$ cat run-v3.txt   # compact mmCIF, C-alpha atoms
# COMPACT_ATOMS: atom_id res chain seq x y z
CA MET A 1 -58.75 73.28 68.05
CA ASN A 2 -55.97 73.64 70.57
CA GLN A 3 -54.42 76.35 68.46
CA LYS A 4 -57.72 78.24 68.46
CA ILE A 5 -58.05 77.95 72.24
CA THR A 6 -54.47 79.09 72.64
CA ALA A 7 -55.14 82.04 70.32
CA ILE A 8 -58.24 82.97 72.33
CA LEU A 9 -56.37 82.74 75.60
CA LEU A 10 -53.50 84.84 74.23
CA LEU A 11 -55.92 87.42 72.87
CA GLY A 12 -57.84 87.52 76.15
CA GLY A 13 -54.61 87.85 78.07
CA ALA A 14 -53.46 90.66 75.81
CA VAL A 15 -56.78 92.49 76.29
CA ALA A 16 -56.58 91.96 80.03
CA LEU A 17 -52.99 93.24 80.11
CA ILE A 18 -53.80 96.27 77.97
CA GLY A 19 -56.86 96.92 80.09
CA TYR A 20 -54.83 96.58 83.28
CA PHE A 21 -52.11 98.97 82.18
CA TYR A 22 -54.64 101.42 80.78
CA VAL A 23 -56.64 101.48 84.00
CA ASP A 24 -53.47 101.64 86.09
CA SER A 25 -52.14 104.58 84.10
CA ARG A 26 -55.52 106.33 84.40
CA GLY A 27 -55.47 105.70 88.12
CA ALA A 28 -51.97 107.07 88.41
CA LEU A 29 -52.96 110.04 86.30
CA LEU A 30 -55.97 110.74 88.50
CA SER A 31 -54.01 110.39 91.71
CA ASP A 32 -51.51 112.87 90.28
CA LEU A 33 -54.32 115.21 89.34
CA GLN A 34 -56.18 115.14 92.64
CA PRO A 35 -53.77 117.33 94.62
CA LYS A 36 -53.65 119.81 91.74
CA LEU A 37 -57.43 119.98 91.54
CA ALA A 38 -57.65 120.48 95.29
CA GLN A 39 -54.99 123.17 95.01
CA ASP A 40 -56.92 124.91 92.23
CA ALA A 41 -60.13 124.78 94.28
CA LEU A 42 -58.33 126.28 97.27
CA ALA A 43 -56.85 129.00 95.08
CA ALA A 44 -60.32 129.80 93.69
CA ARG A 45 -61.66 129.95 97.22
CA PHE A 46 -58.82 132.21 98.24
CA GLU A 47 -59.60 134.46 95.29
CA TYR A 48 -63.20 134.72 96.37
CA LEU A 49 -62.60 135.19 100.10
CA SER A 50 -59.82 137.76 99.61
CA GLY A 51 -62.42 139.97 97.91
CA GLN A 52 -64.88 139.76 100.81
CA GLY A 53 -65.14 142.32 103.59
CA THR A 54 -67.76 141.12 106.05
CA ASN A 55 -65.00 140.22 108.53
CA ALA A 56 -64.66 143.74 109.94
CA CYS A 57 -62.83 144.70 113.12
CA GLY A 58 -64.66 147.99 113.68
CA GLY A 59 -67.44 147.71 116.23
CA GLY A 60 -65.80 145.08 118.42
CA LYS A 61 -67.93 142.08 119.33
CA ASP A 62 -71.14 144.06 118.98
CA ILE A 63 -70.85 143.81 115.20
CA VAL A 64 -71.49 140.05 115.43
CA LYS A 65 -74.41 140.47 117.78
CA SER A 66 -76.08 142.82 115.31
CA LEU A 67 -75.81 140.45 112.33
CA SER A 68 -78.17 137.73 111.15
CA GLY A 69 -77.17 134.21 112.15
CA ASP A 70 -77.37 133.20 108.48
CA ALA A 71 -74.57 135.58 107.54
CA ARG A 72 -70.89 134.76 107.40
CA MET A 73 -67.80 136.64 108.43
CA GLN A 74 -65.70 136.36 105.30
CA GLY A 75 -62.35 137.76 104.22
CA ALA A 76 -59.56 139.44 106.15
CA CYS A 77 -60.29 142.28 108.56
CA CYS A 78 -57.12 144.30 108.36
CA GLY A 79 -54.71 143.34 105.59
CA ALA A 80 -54.46 141.59 102.26
CA MET A 81 -54.84 137.81 102.44
CA SER A 82 -51.76 135.80 101.51
CA LEU A 83 -52.31 132.59 99.52
CA HIS A 84 -49.27 130.97 101.07
CA SER A 85 -50.41 131.68 104.62
CA TYR A 86 -53.99 130.71 103.77
CA GLU A 87 -52.87 127.32 102.46
CA GLU A 88 -50.79 126.73 105.57
CA GLN A 89 -53.68 127.64 107.83
CA ILE A 90 -56.21 125.42 106.05
CA GLU A 91 -53.76 122.54 106.02
CA GLY A 92 -52.87 123.03 109.69
CA LEU A 93 -56.49 123.16 110.80
CA LYS A 94 -57.23 119.80 109.14
CA LYS A 95 -55.61 118.33 112.23
CA TYR A 96 -58.67 119.48 114.18
CA ALA A 97 -61.27 118.52 111.56
CA GLY A 98 -62.66 115.90 113.93
CA ASN A 99 -63.95 118.59 116.28
CA ALA A 100 -67.07 120.23 114.90
CA LEU A 101 -66.56 123.33 117.03
CA ILE A 102 -63.37 124.42 115.33
CA PRO A 103 -63.91 126.31 112.05
CA ALA A 104 -62.02 124.73 109.17
CA ASP A 105 -61.51 128.12 107.52
CA PRO A 106 -61.03 131.18 109.75
CA TYR A 107 -61.66 133.45 106.77
CA ASP A 108 -65.16 132.05 106.36
CA VAL A 109 -66.94 131.72 109.69
CA PRO A 110 -70.70 131.49 110.25
CA VAL A 111 -72.06 134.39 112.28
CA SER A 112 -74.22 131.92 114.23
CA TRP A 113 -71.06 130.15 115.39
CA ALA A 114 -69.42 133.44 116.41
CA GLN A 115 -72.56 134.48 118.29
CA ALA A 116 -72.64 131.16 120.15
CA MET A 117 -68.95 131.35 121.06
CA ILE A 118 -69.19 134.96 122.26
CA ALA A 119 -72.24 134.06 124.37
CA TYR A 120 -70.34 131.10 125.82
CA SER A 121 -67.36 133.31 126.60
CA ASP A 122 -69.55 135.90 128.32
CA ALA A 123 -71.30 133.24 130.39
CA THR A 124 -68.32 131.11 131.37
CA VAL A 125 -65.94 131.66 134.26
CA LEU A 126 -62.98 129.29 134.18
CA THR A 127 -61.73 127.50 137.28
CA PRO A 128 -58.21 128.51 138.39
CA GLY A 129 -56.76 125.43 136.72
CA GLN A 130 -58.60 126.09 133.46
CA GLN A 131 -57.66 129.76 133.61
CA ALA A 132 -53.99 128.77 133.95
CA VAL A 133 -54.27 126.79 130.70
CA TYR A 134 -55.90 129.76 129.01
CA ASP A 135 -53.30 132.23 130.29
CA LYS A 136 -50.39 130.05 129.21
CA ALA A 137 -51.96 129.71 125.75
CA VAL A 138 -52.14 133.52 125.58
CA GLU A 139 -48.43 133.69 126.35
CA MET A 140 -47.56 131.00 123.83
CA SER A 141 -49.62 132.28 120.91
CA HIS A 142 -48.11 134.55 118.27
CA GLU A 143 -50.55 137.39 118.87
CA LYS A 144 -50.58 136.94 122.65
CA GLY A 145 -54.22 135.98 122.56
CA PRO A 146 -56.91 134.86 120.13
CA CYS A 147 -56.28 137.79 117.75
CA CYS A 148 -54.16 140.90 117.28
CA CYS A 149 -57.01 143.17 118.48
CA LYS A 150 -60.00 142.71 120.74
CA CYS A 151 -62.44 142.56 117.86
CA TRP A 152 -65.29 140.04 117.38
CA HIS A 153 -62.71 137.42 116.37
CA TRP A 154 -60.92 137.77 119.72
CA TYR A 155 -64.08 137.17 121.73
CA ALA A 156 -65.36 134.35 119.49
CA TYR A 157 -62.08 132.47 119.68
CA GLU A 158 -61.86 133.22 123.39
CA GLY A 159 -65.21 131.45 123.74
CA LEU A 160 -63.95 128.59 121.59
CA ALA A 161 -60.88 128.21 123.78
CA LYS A 162 -62.96 128.23 126.95
CA LYS A 163 -65.25 125.55 125.54
CA LEU A 164 -62.34 123.41 124.33
CA ILE A 165 -60.63 123.68 127.72
CA THR A 166 -63.70 123.05 129.86
CA GLU A 167 -65.48 120.41 127.79
CA TYR A 168 -62.75 118.73 125.77
CA GLY A 169 -59.66 119.08 127.98
CA PHE A 170 -57.58 120.82 125.33
CA THR A 171 -54.00 121.63 126.30
CA VAL A 172 -52.08 124.91 126.29
CA GLU A 173 -50.27 123.92 123.10
CA GLN A 174 -53.46 122.96 121.30
CA ILE A 175 -55.24 126.21 122.17
CA ALA A 176 -52.25 128.30 121.12
CA GLU A 177 -51.94 126.39 117.87
CA ILE A 178 -55.63 126.78 117.05
CA TRP A 179 -55.43 130.54 117.67
CA ASP A 180 -52.32 130.86 115.53
CA LEU A 181 -53.82 128.85 112.69
CA SER A 182 -57.12 130.74 112.91
CA ASP A 183 -55.68 134.20 112.34
CA ALA A 184 -58.06 136.13 110.07
CA CYS A 185 -56.33 139.51 109.93
CA GLY A 186 -54.62 138.92 106.59
CA GLY A 187 -50.98 139.35 105.70
CA GLU A 188 -48.10 136.91 105.89
CA HIS A 189 -47.79 134.65 108.90
CA ALA A 190 -45.01 132.39 109.99
CA HIS A 191 -46.64 129.18 111.15
CA MET B 192 -71.92 66.99 55.32
CA THR B 193 -74.58 69.26 56.61
CA ASN B 194 -73.65 68.39 60.17
CA GLU B 195 -69.99 69.00 59.38
CA SER B 196 -70.91 72.33 57.86
CA GLU B 197 -72.93 73.33 60.95
CA SER B 198 -70.10 72.19 63.13
CA THR B 199 -67.66 74.39 61.16
CA THR B 200 -70.00 77.35 61.45
CA LYS B 201 -70.18 76.90 65.23
CA GLN B 202 -66.43 76.51 65.41
CA THR B 203 -65.81 79.68 63.41
CA SER B 204 -68.33 81.81 65.33
CA GLN B 205 -67.13 80.81 68.84
CA PRO B 206 -63.59 82.26 68.59
CA PHE B 207 -65.02 85.78 68.00
CA GLY B 208 -67.57 85.56 70.78
CA VAL B 209 -65.07 85.10 73.61
CA PRO B 210 -62.64 87.92 72.72
CA VAL B 211 -65.54 90.26 72.01
CA ALA B 212 -66.96 89.42 75.41
CA ILE B 213 -63.55 90.02 76.99
CA VAL B 214 -63.19 93.34 75.17
CA ILE B 215 -66.70 94.41 76.21
CA ALA B 216 -66.02 93.32 79.77
CA GLY B 217 -62.69 95.13 79.70
CA ALA B 218 -64.36 98.21 78.30
CA LEU B 219 -67.06 98.08 80.99
CA ILE B 220 -64.46 97.68 83.75
CA ALA B 221 -62.32 100.45 82.28
CA ALA B 222 -65.39 102.70 82.00
CA ALA B 223 -66.41 101.91 85.58
CA VAL B 224 -62.92 102.67 86.86
CA TYR B 225 -62.66 105.80 84.70
CA PHE B 226 -65.98 107.29 85.74
CA GLY B 227 -65.67 106.02 89.30
CA GLY B 228 -62.23 107.63 89.53
CA GLY B 229 -63.58 110.81 88.06
CA LYS B 230 -66.16 111.05 90.81
CA VAL B 231 -63.56 110.48 93.48
CA SER B 232 -61.47 113.17 91.92
CA SER B 233 -64.23 115.74 91.76
CA THR B 234 -65.22 115.06 95.36
CA SER B 235 -61.71 115.60 96.58
CA ASN B 236 -61.72 118.75 94.50
CA GLN B 237 -63.70 120.32 97.33
CA VAL B 238 -61.69 121.24 100.37
CA ALA B 239 -62.73 118.98 103.17
CA GLY B 240 -63.44 119.56 106.82
CA SER B 241 -65.92 122.37 106.81
CA ALA B 242 -69.24 120.75 107.57
CA ASN B 243 -68.62 121.01 111.27
CA THR B 244 -69.38 124.72 111.26
CA GLY B 245 -71.81 124.81 108.39
CA ASN B 246 -68.96 126.13 106.36
CA THR B 247 -69.69 126.32 102.64
CA LEU B 248 -66.19 125.84 101.39
CA GLY B 249 -67.24 124.33 98.10
CA ASN B 250 -69.98 126.85 97.51
CA ALA B 251 -68.06 129.89 98.60
CA ALA B 252 -66.20 130.03 95.34
CA ALA B 253 -69.47 129.97 93.42
CA PRO B 254 -70.13 133.71 93.07
CA ALA B 255 -68.05 134.85 90.14
CA GLN B 256 -67.67 138.41 91.31
CA PRO B 257 -67.54 139.45 94.96
CA ALA B 258 -69.60 142.45 95.89
CA GLU B 259 -67.65 145.61 95.17
CA PRO B 260 -67.20 147.68 98.33
CA THR B 261 -68.75 151.08 97.99
CA VAL B 262 -67.55 154.43 99.26
CA GLY B 263 -70.02 156.53 101.17
CA GLU B 264 -70.09 160.27 101.71
CA ILE B 265 -66.75 161.91 102.49
CA ARG B 266 -66.35 165.30 104.06
CA GLU B 267 -64.70 167.89 101.82
CA ILE B 268 -61.04 168.63 102.47
CA ILE B 269 -61.09 171.48 104.99
CA SER B 270 -58.44 173.70 106.52
CA GLU B 271 -58.44 171.61 109.71
CA ASP B 272 -57.38 168.56 107.71
CA HIS B 273 -53.75 167.50 107.71
CA VAL B 274 -52.40 167.22 104.21
CA ARG B 275 -49.05 165.84 103.11
CA GLY B 276 -47.98 166.38 99.52
CA PRO B 277 -48.79 169.12 97.01
CA GLN B 278 -52.15 170.90 97.43
CA ASN B 279 -52.73 170.69 93.67
CA ALA B 280 -52.02 166.97 93.40
CA LYS B 281 -54.15 165.10 90.85
CA VAL B 282 -54.98 162.28 93.26
CA THR B 283 -56.01 162.57 96.91
CA VAL B 284 -55.77 159.68 99.34
CA VAL B 285 -57.89 160.16 102.46
CA GLU B 286 -56.72 157.74 105.11
CA TYR B 287 -58.74 156.92 108.24
CA SER B 288 -56.39 155.53 110.83
CA ASP B 289 -56.03 154.48 114.45
CA LEU B 290 -52.68 155.14 116.16
CA GLU B 291 -52.88 151.92 118.20
CA CYS B 292 -54.01 149.64 115.39
CA PRO B 293 -51.22 147.24 114.37
CA PHE B 294 -52.24 147.23 110.73
CA CYS B 295 -52.36 151.04 110.65
CA LYS B 296 -48.81 151.01 111.96
CA ARG B 297 -47.91 148.60 109.17
CA PHE B 298 -49.68 150.74 106.55
CA HIS B 299 -48.07 154.03 107.56
CA PRO B 300 -44.76 153.34 105.73
CA THR B 301 -46.78 152.28 102.68
CA MET B 302 -48.34 155.74 102.52
CA GLN B 303 -44.94 157.35 103.07
CA GLN B 304 -43.56 155.32 100.17
CA LEU B 305 -46.50 156.35 98.00
CA LEU B 306 -45.78 160.01 98.56
CA SER B 307 -42.09 159.61 97.91
CA GLU B 308 -42.79 157.85 94.62
CA TYR B 309 -45.52 160.27 93.51
CA PRO B 310 -44.15 163.59 94.82
CA ASN B 311 -46.18 165.68 92.36
CA ASP B 312 -49.30 163.63 91.80
CA VAL B 313 -50.50 162.42 95.19
CA ARG B 314 -51.52 164.16 98.39
CA TRP B 315 -52.28 162.34 101.64
CA VAL B 316 -55.07 163.48 103.94
CA TYR B 317 -54.92 161.89 107.39
CA ARG B 318 -58.09 161.57 109.46
CA HIS B 319 -58.57 159.91 112.84
CA ALA B 320 -60.55 156.72 113.27
CA PRO B 321 -59.70 155.50 116.78
CA LEU B 322 -61.58 152.27 117.49
CA VAL B 323 -62.10 152.84 121.18
CA GLN B 324 -63.63 149.37 121.74
CA LEU B 325 -60.31 147.90 120.63
CA HIS B 326 -57.78 150.58 121.57
CA SER B 327 -58.79 152.76 124.49
CA LYS B 328 -55.64 154.90 124.27
CA ALA B 329 -56.03 155.74 120.59
CA PRO B 330 -58.39 158.74 120.97
CA LYS B 331 -56.03 160.52 123.38
CA GLU B 332 -53.07 159.86 121.11
CA ALA B 333 -55.07 161.28 118.22
CA GLU B 334 -55.75 164.39 120.27
CA ALA B 335 -52.03 164.62 121.01
CA THR B 336 -51.20 164.76 117.30
CA GLU B 337 -53.73 167.58 116.91
CA CYS B 338 -52.12 169.44 119.79
CA ALA B 339 -48.75 168.98 118.09
CA GLY B 340 -50.42 170.28 114.94
CA GLU B 341 -51.05 173.59 116.71
CA GLN B 342 -47.30 173.97 116.63
CA GLY B 343 -46.88 172.69 113.09
CA LYS B 344 -45.76 169.22 114.10
CA PHE B 345 -48.80 167.04 113.35
CA TRP B 346 -47.06 164.72 110.90
CA GLU B 347 -43.88 164.57 112.94
CA LEU B 348 -45.70 163.32 116.04
CA THR B 349 -47.90 160.98 114.02
CA ASP B 350 -44.81 159.42 112.44
CA LYS B 351 -43.18 159.21 115.86
CA ILE B 352 -46.11 157.48 117.56
CA PHE B 353 -46.42 154.92 114.78
CA GLU B 354 -42.67 154.35 115.01
CA VAL B 355 -42.50 153.71 118.75
CA THR B 356 -45.83 152.22 119.75
CA PRO B 357 -45.97 148.43 119.91
CA ALA B 358 -49.69 148.90 118.99
CA ASN B 359 -52.73 147.54 120.83
CA ASP B 360 -52.53 150.14 123.60
CA GLY B 361 -48.87 149.39 124.16
CA LEU B 362 -47.87 153.04 124.36
CA ASN B 363 -47.62 154.72 127.74
CA LEU B 364 -49.70 157.91 127.50
CA ASP B 365 -47.36 159.58 129.98
CA ASP B 366 -44.70 159.42 127.26
CA LEU B 367 -46.65 161.69 124.91
CA PRO B 368 -44.94 164.96 125.98
CA LYS B 369 -41.52 163.34 125.60
CA LEU B 370 -42.46 162.03 122.16
CA ALA B 371 -43.84 165.44 121.22
CA GLN B 372 -40.54 167.00 122.21
CA GLU B 373 -38.64 164.46 120.10
CA ALA B 374 -40.99 165.27 117.23
CA GLY B 375 -39.98 168.92 117.43
CA VAL B 376 -42.87 170.42 119.40
CA ALA B 377 -41.29 173.53 120.92
CA ASN B 378 -43.75 174.50 123.65
CA ILE B 379 -44.42 171.36 125.66
CA GLN B 380 -46.39 173.25 128.32
CA GLN B 381 -48.84 174.42 125.66
CA PHE B 382 -48.94 170.89 124.25
CA GLN B 383 -49.70 169.41 127.68
CA SER B 384 -52.35 172.00 128.39
CA CYS B 385 -53.99 171.32 125.05
CA LEU B 386 -53.93 167.58 125.75
CA ASP B 387 -55.34 167.93 129.26
CA SER B 388 -58.18 170.20 128.18
CA GLY B 389 -59.44 167.84 125.48
CA THR B 390 -59.49 170.69 122.98
CA TYR B 391 -59.51 168.33 120.02
CA ALA B 392 -61.71 165.53 121.38
CA GLN B 393 -64.65 166.66 119.25
CA HIS B 394 -62.45 167.05 116.18
CA VAL B 395 -61.26 163.46 116.58
CA GLN B 396 -64.86 162.32 117.01
CA ASP B 397 -65.88 164.24 113.87
CA ASP B 398 -63.17 162.47 111.90
CA LEU B 399 -64.42 159.12 113.18
CA THR B 400 -67.98 159.98 112.18
CA ASP B 401 -66.71 160.92 108.73
CA ALA B 402 -64.90 157.58 108.52
CA GLN B 403 -68.11 155.71 109.30
CA ASN B 404 -70.01 157.76 106.74
CA ALA B 405 -67.30 156.98 104.20
CA GLY B 406 -67.93 153.26 104.63
CA MET B 407 -65.16 152.30 107.02
CA ARG B 408 -65.67 148.89 108.64
CA GLY B 409 -62.18 148.55 110.08
CA THR B 410 -58.85 150.31 110.12
CA PRO B 411 -56.90 151.36 108.21
CA TYR B 412 -59.41 152.49 105.61
CA SER B 413 -58.45 154.75 102.73
CA VAL B 414 -60.26 156.34 99.85
CA VAL B 415 -58.37 157.22 96.68
CA ILE B 416 -60.01 160.15 94.89
CA ALA B 417 -59.31 160.50 91.16
CA PRO B 418 -59.08 163.83 89.31
CA ASN B 419 -62.61 163.29 87.98
CA GLY B 420 -63.97 162.71 91.48
CA GLU B 421 -64.24 158.95 91.17
CA LYS B 422 -63.54 157.21 94.49
CA PHE B 423 -61.72 153.93 95.06
CA PRO B 424 -61.82 152.27 98.50
CA VAL B 425 -58.75 150.62 100.00
CA SER B 426 -59.69 148.42 102.96
CA GLY B 427 -56.99 147.35 105.35
CA ALA B 428 -53.22 147.49 105.15
CA GLN B 429 -52.92 146.58 101.51
CA PRO B 430 -49.40 146.03 100.16
CA TYR B 431 -47.73 148.87 98.32
CA ALA B 432 -48.19 147.22 94.91
CA SER B 433 -51.97 147.11 95.38
CA VAL B 434 -52.19 150.72 96.49
CA LYS B 435 -49.98 151.81 93.60
CA GLN B 436 -52.23 149.97 91.17
CA ILE B 437 -55.28 151.84 92.47
CA VAL B 438 -53.47 155.19 92.39
CA ASP B 439 -52.37 154.56 88.79
CA LYS B 440 -55.97 153.73 87.91
CA ALA B 441 -57.11 156.94 89.58
CA LEU B 442 -54.47 158.98 87.75
CA ALA B 443 -55.71 157.57 84.47
CA ALA B 444 -59.32 158.52 85.28
CA ASN B 445 -59.43 162.05 83.91
$ encode --input "run-v3.txt" --output "structure tokens"
Amino acid sequence: MNQKITAILLLGGAVALIGYFYVDSRGALLSDLQPKLAQDALAARFEYLSGQGTNACGGGKDIVKSLSGDARMQGACCGAMSLHSYEEQIEGLKKYAGNALIPADPYDVPVSWAQAMIAYSDATVLTPGQQAVYDKAVEMSHEKGPCCCKCWHWYAYEGLAKKLITEYGFTVEQIAEIWDLSDACGGEHAH
Amino acid sequence: MTNESESTTKQTSQPFGVPVAIVIAGALIAAAVYFGGGKVSSTSNQVAGSANTGNTLGNAAAPAQPAEPTVGEIREIISEDHVRGPQNAKVTVVEYSDLECPFCKRFHPTMQQLLSEYPNDVRWVYRHAPLVQLHSKAPKEAEATECAGEQGKFWELTDKIFEVTPANDGLNLDDLPKLAQEAGVANIQQFQSCLDSGTYAQHVQDDLTDAQNAGMRGTPYSVVIAPNGEKFPVSGAQPYASVKQIVDKALAAN
């Protein structure tokens, strides 16, 4: 009887051990796979967005005003998108994921958001102190402002900066970093 | 005896029940972990942090094929056009460009490289597309190149402006006569007079209208025209390898 109980306990233990190691190895396998799957999804997204051309610089900010709020500004305006730069930008912007105002992907921005930001920019006059923050961010940023040209992106991200400064107390460094990470011109960037 | 027999039967059936239960329980746990883990994995498969702007990161990759950009109507090559490369080249690249656009400045050497690598097969037609909302100085600079063209130095001044301008209206317009001189324009007085009179303002505007008709949504914008008339759009400052690929495709389209 004791032998049978011992055999059962040993068998149960063996099953539990096998089960434990099996599950653990699956878990390890999945945790190894997760970054790769995320990477593949980002690469697929990059592939899609790099073929889009609704993010156009011609027409200045008026182009955004003329579009439906349901539309999206997708792709790069002026050059070929770089996967390496895109990955760096998306990763860098995760730092600001807690703020719903800041687009997580500058190459895929809702027109409604751009319209709202441009309207905010047009309607908002910064105080001298706020303007100083804005001006220093312009100096610090790679493109010396929200974008390389005064296209819709410039004015939308100008509005974003104004809102972040006035309502959220963002610093010079934060504004400059957000502009740098939100470049949507295409090409290689050194972030 | 019967009782002993029943007792033996019970004793022999019990040892199988417990391990089977353990195996089933183990299998259920393993299945729960496996499928649970799978769900976690597929969720993290989507790039996070986009809901704040209504961003459809996960869905954006859904369309298998992005919409192919189309080329609109392009004006025929006329005598007023500036053409670099052999007139009888198999492939024509019509470029619409803005002298103060940073990406046009970046793309200019790409076009120069294309011509040097296809000296017999490619010709380059340059047309103006100054985006005045973005670069207020670009139209006047475009006129300046036309004025230089009166003296056979269109390409020389175009190359020069792209070489020296920091882009984004960074060029001092007062420097245009000096740059024209450096580009080889002999009669600077004639050049200045041409520039002041706005002789080519309408020509520059006509080029811009043509660019818009051709489907330009930003600069630089180029159209590669194959020997059979097929047109391939090139939006933005694409790297040389991409442009070469399109030109090779055009050359093969007989």
$ closest_residue --input "run-v3.txt" --among "A:Ala114, A:Leu49, A:Ile63, A:Ala56" --to "Ser426 in chain B" --atoms "all atoms listed in the file"
A:Ala56
$ closest_residue --input "run-v3.txt" --among "B:Glu271, B:Glu421, B:Glu347, B:Asp289" --to "chain A" --atoms "all atoms listed in the file"
B:Asp289
$ residues_near_point --input "run-v3.txt" --point "(-57.5, 129.4, 112.5)" --cutoff "8 Å" --atoms "only C-alpha atoms" --output "ChimeraX atom specification"
/A:89-90,93,103-106,178-184
$ atom_distance --input "run-v3.txt" --atom1 "CA of Ala402 in chain B" --atom2 "CA of Leu322 in chain B"
10.9 Å
$ closest_residue --input "run-v3.txt" --among "B:Lys281, B:Arg275, B:Arg314, B:Lys296" --to "chain A" --atoms "only C-alpha atoms"
B:Lys296
$ atom_distance --input "run-v3.txt" --atom1 "CA of Ile118 in chain A" --atom2 "CA of Tyr412 in chain B"
26.1 Å
$ residues_near_point --input "run-v3.txt" --point "(-52.7, 163.0, 122.5)" --cutoff "10 Å" --atoms "all atoms listed in the file" --output "MDAnalysis selection string"
chainID B and resid 328:339 348:349 352 364:368 371 382:383 385:387 389 391:392
$ atom_distance --input "run-v3.txt" --atom1 "CA of Gln174 in chain A" --atom2 "CA of Gln130 in chain A"
13.6 Å
$ interface_residues --input "run-v3.txt" --of "chain A" --to "chain B" --cutoff "6 Å" --atoms "all atoms listed in the file" --output "VMD selection string"
chain A and resid 12 34 37 to 38 45 48 51 56 to 58 60 78 to 80 97 100 103 to 104 150
$ residues_around --input "run-v3.txt" --residues "range 436-438 of chain B" --least-positions-apart "6" --cutoff "12 Å" --atoms "only C-alpha atoms" --output "list in words"
Ala280, Lys281, Val282, Thr283, Val284, Met302, Leu305, Leu306, Glu308, Tyr309, Asp312, Val313, Arg314, Trp315, Ser413, Val414, Val415, Ile416, Ala417, Pro418, Glu421, Lys422, Phe423, Pro424, Val425, Ser426, Gln429, Pro430 and Ala444 of chain B
$ axis_aligned_box --input "run-v3.txt" --around "range 338-355 of chain B" --padding-each-side "4 Å" --output "AutoDock Vina command-line options"
--center_x -47.3 --center_y 163.8 --center_z 115.3 --size_x 17.6 --size_y 28.3 --size_z 16.9
$ residues_around --input "run-v3.txt" --residues "Leu67 in chain A" --least-positions-apart "5" --cutoff "12 Å" --atoms "all atoms listed in the file" --output "ChimeraX atom specification"
/A:54-56,59,61-62,72-73,110-115,152
$ closest_residue --input "run-v3.txt" --among "B:Leu370, B:Ile379, B:Val316, B:Ala432" --to "Glu341 in chain B" --atoms "all atoms listed in the file"
B:Ile379
$ closest_residue --input "run-v3.txt" --among "A:Glu173, A:Glu91, A:Glu188, A:Asp122" --to "Asp135 in chain A" --atoms "all atoms listed in the file"
A:Glu173
$ closest_residue --input "run-v3.txt" --among "A:Ala123, A:Ala44, A:Ala176, A:Ala156" --to "Leu83 in chain A" --atoms "all atoms listed in the file"
A:Ala44
$ residues_around --input "run-v3.txt" --residues "Leu164 in chain A" --least-positions-apart "3" --cutoff "12 Å" --atoms "only C-alpha atoms" --output "PDB file with C-alpha atoms, in the frame of the given file"
ATOM      1  CA  TYR A  96     -58.670 119.480 114.180  1.00  0.00           C
ATOM      2  CA  ASN A  99     -63.950 118.590 116.280  1.00  0.00           C
ATOM      3  CA  ALA A 100     -67.070 120.230 114.900  1.00  0.00           C
ATOM      4  CA  LEU A 101     -66.560 123.330 117.030  1.00  0.00           C
ATOM      5  CA  ILE A 102     -63.370 124.420 115.330  1.00  0.00           C
ATOM      6  CA  MET A 117     -68.950 131.350 121.060  1.00  0.00           C
ATOM      7  CA  TYR A 120     -70.340 131.100 125.820  1.00  0.00           C
ATOM      8  CA  SER A 121     -67.360 133.310 126.600  1.00  0.00           C
ATOM      9  CA  LEU A 126     -62.980 129.290 134.180  1.00  0.00           C
ATOM     10  CA  GLN A 130     -58.600 126.090 133.460  1.00  0.00           C
ATOM     11  CA  VAL A 133     -54.270 126.790 130.700  1.00  0.00           C
ATOM     12  CA  TYR A 134     -55.900 129.760 129.010  1.00  0.00           C
ATOM     13  CA  TYR A 157     -62.080 132.470 119.680  1.00  0.00           C
ATOM     14  CA  GLU A 158     -61.860 133.220 123.390  1.00  0.00           C
ATOM     15  CA  GLY A 159     -65.210 131.450 123.740  1.00  0.00           C
ATOM     16  CA  LEU A 160     -63.950 128.590 121.590  1.00  0.00           C
ATOM     17  CA  ALA A 161     -60.880 128.210 123.780  1.00  0.00           C
ATOM     18  CA  GLU A 167     -65.480 120.410 127.790  1.00  0.00           C
ATOM     19  CA  TYR A 168     -62.750 118.730 125.770  1.00  0.00           C
ATOM     20  CA  GLY A 169     -59.660 119.080 127.980  1.00  0.00           C
ATOM     21  CA  PHE A 170     -57.580 120.820 125.330  1.00  0.00           C
ATOM     22  CA  THR A 171     -54.000 121.630 126.300  1.00  0.00           C
ATOM     23  CA  VAL A 172     -52.080 124.910 126.290  1.00  0.00           C
ATOM     24  CA  GLN A 174     -53.460 122.960 121.300  1.00  0.00           C
ATOM     25  CA  ILE A 175     -55.240 126.210 122.170  1.00  0.00           C
ATOM     26  CA  ALA A 176     -52.250 128.300 121.120  1.00  0.00           C
ATOM     27  CA  ILE A 178     -55.630 126.780 117.050  1.00  0.00           C
ATOM     28  CA  TRP A 179     -55.430 130.540 117.670  1.00  0.00           C
TER      29      TRP A 179
END
